[in-house]
Amino acid sequence: ARAGWPSVDPQLLTQDSVTAIFQINGKIKSRVEVSPNITDEALEKMALSDPAIVSDLGGVNPKKVITKAPKFVNIVL
């Protein structure tokens with residue numbers, strides 16, 4: 001009845017992966033699981049090589065790419 005509080009293991013509190021969203025003009029086109037420690041550059045590279053994004057871009061160069069790792073990449077046409 002008088003047991004102590006359990007100890008916390010900090011390794012169990014970290015996430016192994018998070019879901020990143022790839023958007024074109026604010027509309028969701030794809031979702032992928034990525035590491036929570038991914039860099040903006042790596043996430044942007046993943047987004048621009050994603051098959052759904054490549055097919056929707058249709059060869060058009062984006063005006064701007066907004067990246068907030070590890071949450072989302074928004075490609076503005």
# chains A, B, ... in the order shown; residues from 1 in each chain; ligands from 1
>>> select_by_dssp(residues="chain A", states="strand (DSSP E)", output="PDB file with C-alpha atoms, in the first residue's frame")
ATOM      1  CA  VAL A  18       6.837  11.605 -36.488  1.00  0.00           C
ATOM      2  CA  THR A  19       4.506  12.158 -39.428  1.00  0.00           C
ATOM      3  CA  ALA A  20       5.631  14.849 -41.854  1.00  0.00           C
ATOM      4  CA  ILE A  21       3.150  16.372 -44.291  1.00  0.00           C
ATOM      5  CA  PHE A  22       4.014  17.402 -47.852  1.00  0.00           C
ATOM      6  CA  GLN A  23       1.768  20.125 -49.288  1.00  0.00           C
ATOM      7  CA  ILE A  24       1.419  21.977 -52.572  1.00  0.00           C
ATOM      8  CA  LYS A  27      -3.158  21.251 -49.876  1.00  0.00           C
ATOM      9  CA  ILE A  28      -1.925  17.963 -48.417  1.00  0.00           C
ATOM     10  CA  LYS A  29      -0.501  15.648 -51.068  1.00  0.00           C
ATOM     11  CA  SER A  30       1.494  13.119 -49.057  1.00  0.00           C
ATOM     12  CA  ARG A  31       2.418  11.989 -45.535  1.00  0.00           C
ATOM     13  CA  VAL A  32       5.609  10.191 -44.499  1.00  0.00           C
ATOM     14  CA  GLU A  33       7.139   8.926 -41.273  1.00  0.00           C
ATOM     15  CA  VAL A  34      10.455  10.651 -40.504  1.00  0.00           C
ATOM     16  CA  LYS A  64       9.046  28.965 -52.803  1.00  0.00           C
ATOM     17  CA  VAL A  65       9.511  25.965 -50.514  1.00  0.00           C
ATOM     18  CA  ILE A  66       8.595  26.433 -46.840  1.00  0.00           C
ATOM     19  CA  THR A  67      10.077  23.766 -44.578  1.00  0.00           C
ATOM     20  CA  LYS A  68       9.448  23.317 -40.847  1.00  0.00           C
ATOM     21  CA  PHE A  72       5.739  19.839 -42.880  1.00  0.00           C
ATOM     22  CA  VAL A  73       6.963  21.033 -46.263  1.00  0.00           C
ATOM     23  CA  ASN A  74       4.764  23.434 -48.248  1.00  0.00           C
ATOM     24  CA  ILE A  75       5.621  23.964 -51.908  1.00  0.00           C
ATOM     25  CA  VAL A  76       4.281  27.217 -53.363  1.00  0.00           C
TER      26      VAL A  76
END
>>> select_by_dssp(residues="chain A", states="alpha helix (DSSP H)", output="ChimeraX atom specification")
/A:10-13,40-49,51-57
>>> atom_distance(atom1="atom CA of A:Ser7", atom2="atom CA of A:Pro70")
29.4 Å
